[in-house]
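Novice: Got a structure here, written out as structure tokens. Questions coming.
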Amino acid sequence: MKRHKKGVAVLGATGSIGRQTLEVVAAHRESYEVTALTAGRDVEGLARLVREFRPTFAVIADESAYGRLKSLLAGEPTKILAGSEGLTAVAATPETDVVVAAVVGFAGLASTLAALNAAKTVALANKESLVAGGGLVARALKTPGARLLPVDSEHSALFQCLVGESPERVEKLILTASGGPFRGKNRKELENVTPQQALKHPNWSMGAKITIDSATLMNKALEIIEAQRLFSVEPEKISVVVHPQSIVHSCVEFCDGSVKAQMGLPDMRLPIAYALAYPERISLPFPRYDFFSQANLTFEPPDRETFRSLDFAYEALKREGNVPCALNAANEAAVSLFLEGKISFLDIFEAVERAVTRTSFVAEPEYADLIETDREARTRVVEWAENKTAVGVG
Ligand SMILES: NC(=O)c1ccc[n+]([C@@H]2O[C@H](COP(=O)([O-])OP(=O)(O)OC[C@H]3O[C@@H](n4cnc5c(N)ncnc54)[C@H](OP(=O)(O)O)[C@@H]3O)[C@@H](O)[C@H]2O)c1
């Protein structure tokens with residue numbers, strides 16, 4: 001009997017997670033077919049992937065690039081769409097079973113919601129959408145058939161450790177963090193670090209935004225909120241352990257003191273494949289962890305005084321409402337300004353903290369409130385940075 005291939009839509013196909021998803025798909029063409037590929041701006045990259053994977057749909061989010069994509073793909077049967085409406089449309093097509101949400105940032109929220117509302121399985125890399133829109137995602141998940149599976153390596157690890165366990169026996173979720181390129185540095189040493197230094201992650205090769213988030217530990221902060229939403233645990237049951245080798249991807253501690261950890265090389269293709277194939281496992285022809293060549297696994301507490309992001313996450317979870325959305329937006333804006341050389345590394349913490357505490361509070365935000373929160377928090381960061389520069393110059 002002919003087996004049904006899973007239809008996979010890859011949103012954010014030209015990015016780090018998107019490309020690695022397509023490597024997994026390419027290794028298992030007998031099980032998966034690509035139904036849609038999307039990019040933000042990278043028309044050339046998207047056109048190349050479309051020629052290789054022949055999806056039904058291709059979407060370029062930047063509408064001004066539509067004509068260029070059309071001409072690059074003239075003669076191809078793939079239907080071409082543009083803009084955020086194109087993205088939400090292909091997240092919900094009947095031929096798609098799994099939507100890989102790998103757009104970076106808040107821009108991914110609408111398509112994550114569209115996919116869940118259309119009863120799809122969402123393999124979620126885009127943690128920002130879950131952080132910012134937790135309540136809306138929870139509501140969309142009530143759609144019969146909708147499912148959210150983590151792609152983030154830490155959450156995939158927790159998910160794997162929880163297979164066969166009762167939630168009420170869980171005492172603690174322990175997220176591991178590499179500590180990023182600035183582990184062990186104090187504030188003085190971080191005063192003049194450059195974007196180039198911050199972009200050099202010791203273990204993972206990722207997109208620019210998440211790499212900076214790893215350097216500030218904001219990535220771990222977003223992951224605390226992500227874990228709270230995915231596994232419905234109290235924030236105080238989520239802790240962070242710095243593990244510089246990134247071999248233990250996270251752990252669950254149970255009521256009897258037993259700790260389960262999930263291990264492997266730092267390779268995102270593993271959690272991507274787990275989410276694509278769940279509840280099965282598929283074989284992957286990639287290198288394995290060797291206990292003897294990389295025998296020293298170390299663990300240390302995070303430096304929460306220098307890297308204040310973790311405290312921001314716990315505070316955001318305490319206040320809830322639109323605060324996690326404001327935290328995410330302020331961080332996205334601050335990271336962009338840092339990458340553009342307009343603010344310093346340490347400014348990111350100050351800009352984020354100020355913007356979050358000043359953004360108008362909404363207790364039960366709907367989608368329109370989140371759009372407004374996102375806009376307000378970003379504006380506050382940009383205005384603070386402009387003011388700071390003006391004062392500095394004057
Ligand atoms: N990379 C990792 O190892 C990793 C690990 C865990 C979680 N994640 C999460 O996965 C997500 C993707 O990360 P990444 O590292 O793959 O990022 P990335 O390399 O920067 O790729 C982002 C993707 O999103 C697209 N995009 C950017 N802005 C967009 C917009 N406004 N509308 C629609 N599409 C847009 C990009 O298109 P263009 O190429 O055209 O810009 C690209 O395809 C993030 O949420 C990140 O936190 C990543």
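Residue names in the structure tokens use chain letters A, B, ... in the order shown, residue numbers from 1 in each chain, and ligand numbers from 1 in the order shown.
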Neighbours of ligand 1 at 8 Å or closer, counting only C-alpha atoms and all ligand atoms: which residues, as a PDB file with C-alpha atoms, in the first residue's frame?

Specialist:
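out02.pdb, written as the output of this step:
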```
ATOM      1  CA  LEU A  11       7.789  29.130   7.200  1.00  0.00           C
ATOM      2  CA  GLY A  12      11.135  30.894   7.325  1.00  0.00           C
ATOM      3  CA  ALA A  13      12.691  28.377   4.919  1.00  0.00           C
ATOM      4  CA  THR A  14      15.730  30.509   4.077  1.00  0.00           C
ATOM      5  CA  GLY A  15      16.818  30.799   7.716  1.00  0.00           C
ATOM      6  CA  SER A  16      18.977  28.579   9.870  1.00  0.00           C
ATOM      7  CA  ILE A  17      16.094  26.394  11.143  1.00  0.00           C
ATOM      8  CA  GLY A  18      14.336  26.438   7.773  1.00  0.00           C
ATOM      9  CA  ARG A  19      17.407  25.173   5.910  1.00  0.00           C
ATOM     10  CA  THR A  38       8.422  31.124   2.697  1.00  0.00           C
ATOM     11  CA  ALA A  39      11.058  33.805   3.212  1.00  0.00           C
ATOM     12  CA  GLY A  40      11.158  37.364   4.481  1.00  0.00           C
ATOM     13  CA  ARG A  41      13.252  39.086   1.805  1.00  0.00           C
ATOM     14  CA  ASP A  42      15.735  36.598   0.410  1.00  0.00           C
ATOM     15  CA  VAL A  43      14.210  35.999  -3.045  1.00  0.00           C
ATOM     16  CA  GLY A  45      17.544  31.882  -1.600  1.00  0.00           C
ATOM     17  CA  LEU A  46      13.828  31.130  -1.750  1.00  0.00           C
ATOM     18  CA  ILE A  60       7.832  36.199   0.015  1.00  0.00           C
ATOM     19  CA  ALA A  61       6.796  38.308   3.008  1.00  0.00           C
ATOM     20  CA  ASP A  62       8.311  41.493   1.588  1.00  0.00           C
ATOM     21  CA  GLY A  83       2.943  39.542   2.280  1.00  0.00           C
ATOM     22  CA  SER A  84       1.819  38.405   5.684  1.00  0.00           C
ATOM     23  CA  LEU A  87       2.143  33.509   4.999  1.00  0.00           C
ATOM     24  CA  ALA A 101       7.181  27.800  12.334  1.00  0.00           C
ATOM     25  CA  ALA A 102      10.717  29.086  11.779  1.00  0.00           C
ATOM     26  CA  VAL A 103      10.107  32.759  11.076  1.00  0.00           C
ATOM     27  CA  VAL A 104      12.136  34.867  13.491  1.00  0.00           C
ATOM     28  CA  GLY A 105      10.375  37.182  15.934  1.00  0.00           C
ATOM     29  CA  ALA A 107       6.300  38.467  12.793  1.00  0.00           C
ATOM     30  CA  GLY A 108       5.655  34.715  13.163  1.00  0.00           C
ATOM     31  CA  LEU A 124       7.472  25.510  16.755  1.00  0.00           C
ATOM     32  CA  ALA A 125      10.910  27.086  16.515  1.00  0.00           C
ATOM     33  CA  ASN A 126       9.512  30.616  16.645  1.00  0.00           C
ATOM     34  CA  LYS A 127       9.522  30.973  20.438  1.00  0.00           C
ATOM     35  CA  GLU A 128       8.738  34.694  20.203  1.00  0.00           C
ATOM     36  CA  SER A 129       5.193  33.954  18.986  1.00  0.00           C
ATOM     37  CA  VAL A 151      11.619  22.453  18.022  1.00  0.00           C
ATOM     38  CA  ASP A 152      13.742  24.485  20.406  1.00  0.00           C
ATOM     39  CA  SER A 153      16.366  21.959  21.543  1.00  0.00           C
ATOM     40  CA  TRP A 204      25.572  26.679  17.831  1.00  0.00           C
ATOM     41  CA  SER A 205      25.396  28.230  14.378  1.00  0.00           C
ATOM     42  CA  MET A 206      22.122  30.189  14.300  1.00  0.00           C
ATOM     43  CA  GLY A 207      20.442  33.298  12.916  1.00  0.00           C
ATOM     44  CA  ALA A 208      21.767  36.685  14.095  1.00  0.00           C
ATOM     45  CA  LYS A 209      18.884  37.578  16.423  1.00  0.00           C
ATOM     46  CA  ILE A 210      18.937  34.369  18.471  1.00  0.00           C
ATOM     47  CA  THR A 211      22.744  34.476  18.619  1.00  0.00           C
ATOM     48  CA  ASN A 219      17.227  33.524  24.679  1.00  0.00           C
ATOM     49  CA  ASP A 267      22.597  19.841  16.176  1.00  0.00           C
ATOM     50  CA  MET A 268      19.157  21.348  15.552  1.00  0.00           C
TER      51      MET A 268
END
```

Novice: Got a sec to tell me which of region 152-253 of chain A DSSP assigns to alpha helix (DSSP H), as a VMD selection string?

Specialist: chain A and resid 153 to 162 187 to 190 195 to 198 208 to 216 218 to 231

Novice: Determine, counting only C-alpha atoms, which protein, DNA and RNA residues have an atom within 12 Å of an atom of Glu234 (chain A); residues of the same chain fewer than 2 positions away are not included. Present the result as JSON, numbers by chain.

Specialist: {"A": [167, 168, 170, 171, 172, 173, 224, 225, 227, 228, 229, 230, 231, 232, 236, 237, 238, 239, 314, 317, 318]}

Novice: List every residue of region 106-211 of chain A that has an atom at most 12 Å from any atom of region 283-307 of chain A, and for each one report the closest atom pair and its distance in Å to one decimal, counting only C-alpha atoms, with rows sorted by chain and then by increasing residue number, as a Markdown table.

Specialist:
```
| residue | atom | partner | partner_atom | distance |
| --- | --- | --- | --- | --- |
| A:Ile174 | CA | A:Pro301 | CA | 11.5 |
| A:Leu175 | CA | A:Pro302 | CA | 11.1 |
| A:Thr176 | CA | A:Phe299 | CA | 8.7 |
| A:Ala177 | CA | A:Pro302 | CA | 8.4 |
| A:Ser178 | CA | A:Phe299 | CA | 9.5 |
| A:Gly179 | CA | A:Pro302 | CA | 7.5 |
| A:Gly180 | CA | A:Phe307 | CA | 10.9 |
| A:Phe182 | CA | A:Phe307 | CA | 9.8 |
| A:Arg183 | CA | A:Asp303 | CA | 8.4 |
| A:Gly184 | CA | A:Asp303 | CA | 7.9 |
| A:Lys185 | CA | A:Thr306 | CA | 8.2 |
| A:Asn186 | CA | A:Thr306 | CA | 6.2 |
| A:Arg187 | CA | A:Thr306 | CA | 5.9 |
| A:Lys188 | CA | A:Thr306 | CA | 9.7 |
| A:Glu189 | CA | A:Thr306 | CA | 10.5 |
| A:Leu190 | CA | A:Thr306 | CA | 9.2 |
| A:Glu191 | CA | A:Thr306 | CA | 11.3 |
```

Novice: For the selection just defined, write its residues with C-alpha atoms to a file, as a short mmCIF file (atom, residue, chain, number, x, y, z; two decimals), in the first residue's frame.

Specialist:
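What ended up in selection06.cif:
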```
data_model
loop_
_atom_site.label_atom_id
_atom_site.label_comp_id
_atom_site.auth_asym_id
_atom_site.auth_seq_id
_atom_site.Cartn_x
_atom_site.Cartn_y
_atom_site.Cartn_z
CA ILE A 174 15.85 22.38 34.26
CA LEU A 175 16.77 24.34 31.16
CA THR A 176 20.42 24.15 30.20
CA ALA A 177 22.17 27.21 28.74
CA SER A 178 25.55 27.31 27.03
CA GLY A 179 26.22 30.71 28.64
CA GLY A 180 27.02 32.18 25.21
CA PHE A 182 30.44 36.09 27.22
CA ARG A 183 30.10 33.47 29.92
CA GLY A 184 32.22 34.43 32.95
CA LYS A 185 32.58 38.09 31.92
CA ASN A 186 31.58 40.91 34.28
CA ARG A 187 29.82 44.17 33.38
CA LYS A 188 33.09 46.10 33.07
CA GLU A 189 34.41 43.55 30.56
CA LEU A 190 31.17 43.75 28.56
CA GLU A 191 31.16 47.55 28.20
#
```

Novice: Taking the chain letters and numbering used in this document, name the residues of region 128-328 of chain A that DSSP puts in strand (DSSP E or B), as JSON, numbers by chain.

Specialist: {"A": [147, 148, 149, 150, 170, 171, 172, 173, 174, 175, 176, 177, 238, 239, 240, 241, 242, 248, 249, 250, 251, 252, 253, 254, 259, 260, 261, 262, 263, 300]}

Novice: Can you tell me how far CA of Ala36 (chain A) sits from CA of Leu270 (chain A), in Å to one decimal?

Specialist: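 Interatomic distance, CA of Ala36 (chain A) to CA of Leu270 (chain A): 21.6 Å.
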
Novice: Give me the residues within 8 Å of Leu276 (chain A) as a VMD selection string, counting only C-alpha atoms and dropping any in the same chain fewer than 4 places off.

Specialist: chain A and resid 98 123 272

Novice: How would the residues just chosen look if you wrote them out with C-alpha atoms as a PDB file, in the first residue's frame?

Specialist:
```
ATOM      1  CA  VAL A  98       2.921  19.983   9.712  1.00  0.00           C
ATOM      2  CA  ALA A 123       6.562  22.345  14.914  1.00  0.00           C
ATOM      3  CA  ILE A 272      13.527  19.220  14.128  1.00  0.00           C
TER       4      ILE A 272
END
```

Novice: If we count only C-alpha atoms, what is near Phe349 (chain A) at a cut-off of 9 Å, once residues fewer than 2 positions away on the same chain are taken out, given as a PyMOL selection string?

Specialist: chain A and resi 216+307-309+331+334+345-347+351-354

Novice: Figure out the distance between CA of Ala333 (chain A) and CA of Gly86 (chain A), please, to one decimal in Å.

Specialist: 24.7 Å

Novice: Which is closer to Ala198 (chain A) than all the others in A:Ala110, A:Phe312, A:Leu136, A:Leu339, using only C-alpha atoms?

Specialist: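 Checking each of A:Ala110, A:Phe312, A:Leu136, A:Leu339 against Ala198 (chain A), counting only C-alpha atoms, the winner is A:Leu339.
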
Novice: With only C-alpha atoms as the atoms that count, which of A:Arg51, A:Lys120, A:His4, A:His155 lies nearest to Leu73 (chain A)?

Specialist: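 The shortest atom-to-atom distance to Leu73 (chain A) comes from A:Arg51.
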